[in-house]
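For reference, the structure is listed below as structure tokens.
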Amino acid sequence: MTEKYDGTNIDILDGLEAVRKRPGMYIGSTGTRGLHHLIWEIIDNSIDEHLAGYCDQIQVTIREDNSIEVRDNGRGIPVDVHPKTGFSAARVVFTILHAGGKFNNGGYAFSGGLHGVGASVVNALSAYVEVEIHKDGHIYFDRYEHGGNPVIKLMRSGELPVKGKTTTTGTTVRFLPDDTIFETTTWNLETIERRLQESAFLNRGLTIVLKNEKTGYQRTFHEERGIEGFLNLMNEDKTTLTDIISFSGKSNGILVDVAMQYTSDFSEQIISYCNNITTIEGGTHVTGLRSGLTRLMNSYGKELGILKESLDGKDIRTGLVAVISIKHPDPQYEGQTKGKLGSTDARGAVEDVVLNDAPKHFDVFIDDAKHILENALKALKLRKAEDRAKVNFQSKGIQLQTNGKLTNAGSRKPEECELFIVEGDSAGGTAKAGRDRRTQAILPLRGKVLNVEKTSLEKALQNKEIQTLFSALGCGVGESFDIKKLKYNKIIILTDADVDGSHIRILLLTLLYRFAPALIHEGFVYRGLPPLYKVVLKTTGKKEEFLYAYSEKELAQMKATLGTKIRNIQRFKGLGEMNADQLWDTTMNPETRRLGRVQIENAIGADKITSVLMGEKVEPRKQFIYDHAEDAKVAI
Ligand code: TSJ
């Protein structure tokens with residue numbers, strides 16, 4: 001073969017074109033979540049370099065032109081010519097789908113793997129990408145435009161051009177997301193900060209600097225204490241019963257790192273990671289931590305003469321807040337969102353580390369073991385009292401199920417049924433009239449009862465409609481939760497686009513998250529998006545022609561494109577102002593409505609929500625985010 005494969009090859013562009021055609025398959029969505037995914041994809045490479053032991057600094061910059069720059073002080077992406085393709089490895093990384101893994105695993109045994117779709121996907125979805133590699137005294141440079149087209153034609157050797165000399169090593173990547181692909185290209189500083197904060201916690205000693213060139217803002221993330229620092233943040237507003245207990249160890253080739261502390265909470269909170277990826281649904285490592293802790297505490301209890309009989313794991317875990325991070329050479333994930341670790345060996349490995357390494361703490365700080373055991377005995381007592389009094393919320397829910405005002409769907413097939421939780425009796429009535437009676441159920445929630453900002457979860461649970469909601473769902477709550485019994489395929493929260501509406505929505509989400517988190521994790525919960533405006537057009541005929549605007553931005557776009565053709569703009573102050581047809585068209589009809597799927601931003605966000613909301617702090621409430629659901633037709 002005389003022709004060199006120089007990256008303009010048609011196959012390569014076909015590969016990247018496939019990404020541009022179906023971006024959702026590679027990055028989940030083209031909304032704000034997908035947009036930010038691009039940053040994570042790039043940073044993860046630098047973090048892998050840190051894990052390999054060659055990088056301790058990462059700089060992330062939001063640049064004036066809205067591009068992102070990620071710079072690290074690692075070894076620099078290999079640039080040697082890749083024998084199969086005949087061009088520089090660095091170009092392979094950016095042009096060939098899934099090439100990332102081959103290189104990323106080179107020096108490091110634990111890679112995120114599953115989640116790392118890599119640099120080529122970022123390239124395919126960017127208006128431009130620039131790569132600068134400092135290595136072996138040279139600065140290598142490469143650039144791509146319009147979805148991955150290489151700008152620099154490589155010479156026959158396939159080597160990247162050198163644009164200068166250097167005495168350091170490292171990789172810099174700059175990319176500008178393609179605004180013809182993404183619904184939004186606005187970076188959310190808070191989202192980026194949370195992720196970098198999380199990365200700093202999980203990678204002890206790594207320094208990450210975030211800069212916003214547009215505003216001059218700068219912040220450094222660095223955690224000498226690693227996950228202990230994370231736990232400290234999680235518990236900062238709580239009453240703690242023990243010190244932070246941290247231990248690490250290795251079993252069967254699996255590295256285990258745990259930080260835990262007991263609090264006066266009644267719940268248990270375990271945040272888990274495998275290979276730096278959050279496992280939001282837990283899995284075998286979490287099971288190992290639970291069972292290991294049960295065995296360990298029962299053995300201390302007997303040794304100390306505090307226990308005669310073994311305690312139940314759930315009593316031992318009352319008040320537990322823990323972060324577990326494991327490194328597994330070949331992790332397997334399960335669950336709809338792949339957020340659950342399935343590797344069976346992780347359970348035993350974590351259990352081993354708990355039994356072998358946690359005693360290094362407890363043998364010295366024996367009071368911590370005593371406090372945990374006393375707390376568990378208290379939890380057991382409370383639980384028994386609760387059982388006797390039968391004040392258990394679950395049984396109450398069942399008794400009261402007929403008291404609420406649920407209007408059920410005709411069909412009994414969960415896969416086609418939807419439950420609308422509607423704010424206000426009047427909107428509830430409209431929804432009842434407008435719905436598809438066969439598949440759509442309506443549960444009105446009286447706003448007045450719930451819109452008190454500080455309604456506690458306990459108070460909310462006394463609310464008839466809330467009880468009706470949980471019994472209507474059919475899947476139980478807490479320990480007896482069973483998603484297979486869920487009677488609806490979608491749970492759609494429909495509240496006004498005002499402050500009260502948002503409080504009710506957050507309260508409902510908090511309740512669902514607290515009592516049936518899988519409903520949110522598995523994507524069953526949605527937010528209906530009612531329009532804000534009806535834009536009536538000037539017409540000559542008798543029939544009224546109009547459009548709906550769902551945001552201020554859309555209204556502005558309509559004003560810009562339609563201008564003088566607009567006759568009148570009506571603002572909907574609430575759902576109650578719409579008639580049944582309007583509500584059906586805009587918000588309920590699966591063919592025309594818009595829905596946002598409720599998602600949890602990340603582990604810090606999710607668990608901080610629960611703890612902080614329980615503590616009645618208002619500020620971090622915004623961390624439930626909404627991504628456009630796949631069935632939402634976007635009208636503009
Ligand atoms: F992949 C990428 F282009 F997106 C990217 C990679 C982006 C950024 C910001 C950094 C990196 C990156 C890759 N930083 N450091 C590395 N290191 C390697 O790829 C590397 C270097 C040397 C060796 C070796 O075995 O000598 C192996 C690897 C994987």
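Convention: chains lettered A, B, ... in structure tokens order; per-chain residue numbering from 1; ligands numbered from 1 as shown.
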Q: Give as a count of residues only the residues surrounding ligand 1 up to a distance of 8 Å, considering only C-alpha atoms and all ligand atoms.
A: 38
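Within region 340-536 of chain A, DSSP applied to the backbone places the following residues in strand (DSSP E): A:Lys340, A:Leu341, A:Glu418, A:Leu419, A:Phe420, A:Ile421, A:Val422, A:Glu423, A:Gln440, A:Ala441, A:Ile442, A:Leu443, A:Pro444, A:Leu445, A:Lys490, A:Ile491, A:Ile492, A:Ile493, A:Leu494, A:Val525, A:Tyr526, A:Arg527, A:Gly528, A:Tyr533, A:Lys534, A:Val535, A:Val536.
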Q: Write out as a PyMOL selection string which residues come within 6 Å of region 175-179 of chain A when counting only C-alpha atoms, dropping same-chain ones fewer than 4 positions away.
A: chain A and resi 67-68+125-129
Would you export the selected residues with N, CA and C atoms as a PDB file, in the first residue's frame, please?
ATOM      1  N   SER A  67     -15.444  27.688  24.643  1.00  0.00           N
ATOM      2  CA  SER A  67     -14.811  26.371  24.562  1.00  0.00           C
ATOM      3  C   SER A  67     -14.280  26.011  25.951  1.00  0.00           C
ATOM      4  N   ILE A  68     -13.937  24.733  26.109  1.00  0.00           N
ATOM      5  CA  ILE A  68     -13.370  24.240  27.368  1.00  0.00           C
ATOM      6  C   ILE A  68     -11.940  23.791  27.098  1.00  0.00           C
ATOM      7  N   LEU A 125     -18.679  15.771  18.190  1.00  0.00           N
ATOM      8  CA  LEU A 125     -19.758  16.681  18.580  1.00  0.00           C
ATOM      9  C   LEU A 125     -19.247  18.103  18.835  1.00  0.00           C
ATOM     10  N   SER A 126     -18.051  18.395  18.326  1.00  0.00           N
ATOM     11  CA  SER A 126     -17.471  19.719  18.564  1.00  0.00           C
ATOM     12  C   SER A 126     -17.282  20.499  17.262  1.00  0.00           C
ATOM     13  N   ALA A 127     -17.387  21.815  17.390  1.00  0.00           N
ATOM     14  CA  ALA A 127     -17.124  22.695  16.249  1.00  0.00           C
ATOM     15  C   ALA A 127     -15.623  22.708  15.961  1.00  0.00           C
ATOM     16  N   TYR A 128     -14.814  22.662  17.016  1.00  0.00           N
ATOM     17  CA  TYR A 128     -13.375  22.437  16.826  1.00  0.00           C
ATOM     18  C   TYR A 128     -12.789  21.752  18.036  1.00  0.00           C
ATOM     19  N   VAL A 129     -11.684  21.054  17.804  1.00  0.00           N
ATOM     20  CA  VAL A 129     -10.905  20.459  18.890  1.00  0.00           C
ATOM     21  C   VAL A 129      -9.432  20.753  18.606  1.00  0.00           C
TER      22      VAL A 129
END
Q) Near region 533-544 of chain A, counting only C-alpha atoms, which residues have an atom at most 6 Å away, once you skip same-chain residues fewer than 4 positions from it, shown as a ChimeraX atom specification? A) /A:548-549,565-572
Just C-alpha atoms for this one: save the residues we selected as a short mmCIF file (atom, residue, chain, number, x, y, z; two decimals), in the first residue's frame.
data_model
loop_
_atom_site.label_atom_id
_atom_site.label_comp_id
_atom_site.auth_asym_id
_atom_site.auth_seq_id
_atom_site.Cartn_x
_atom_site.Cartn_y
_atom_site.Cartn_z
CA TYR A 548 -47.32 27.84 22.43
CA ALA A 549 -44.09 29.15 23.91
CA LYS A 565 -47.56 38.59 12.42
CA ILE A 566 -48.31 38.26 16.14
CA ARG A 567 -51.76 39.49 17.13
CA ASN A 568 -51.71 38.79 20.81
CA ILE A 569 -49.64 37.10 23.51
CA GLN A 570 -51.45 35.48 26.42
CA ARG A 571 -49.49 34.50 29.51
CA PHE A 572 -50.66 31.43 31.41
#
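From CA of Val258 (chain A) back to CA of Asp330 (chain A), the distance works out to 19.9 Å.
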(Q) Report as a VMD selection string all protein, DNA and RNA residues lying within 7 Å of Lys487 (chain A), evaluated on only C-alpha atoms, omitting residues in the same chain fewer than 6 positions from it. (A) chain A and resid 414 473 to 474
Q: Would you kindly return, as a VMD selection string, each protein, DNA or RNA residue with an atom no farther than 8 Å from any atom of Ile316 (chain A), considering only C-alpha atoms and excluding same-chain residues fewer than 5 positions away?
A: chain A and resid 293 to 294 297 311 372 to 373 375 to 376
(Q) Run DSSP on the backbone and tell me which residues of region 41-230 of chain A come out as alpha helix (DSSP H); list them as a PyMOL selection string. (A) chain A and resi 41-51+89-95+100-104+119-124+189-202+227-230
Q: Excluding Val256 (chain A) and residues on its chain fewer than 5 positions from it, collect all residues at most 9 Å away from it, counting only C-alpha atoms, and give them as number ranges by chain.
A: A: 247-251, 285, 324-328, 349-350, 353
Q) Which one of A:Ala369, A:Leu507, A:Ile421, A:Leu547 sits closest to Glu465 (chain A) if you count only C-alpha atoms? A)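 Between A:Ala369, A:Leu507, A:Ile421, A:Leu547, the residue approaching Glu465 (chain A) most closely is A:Ile421.
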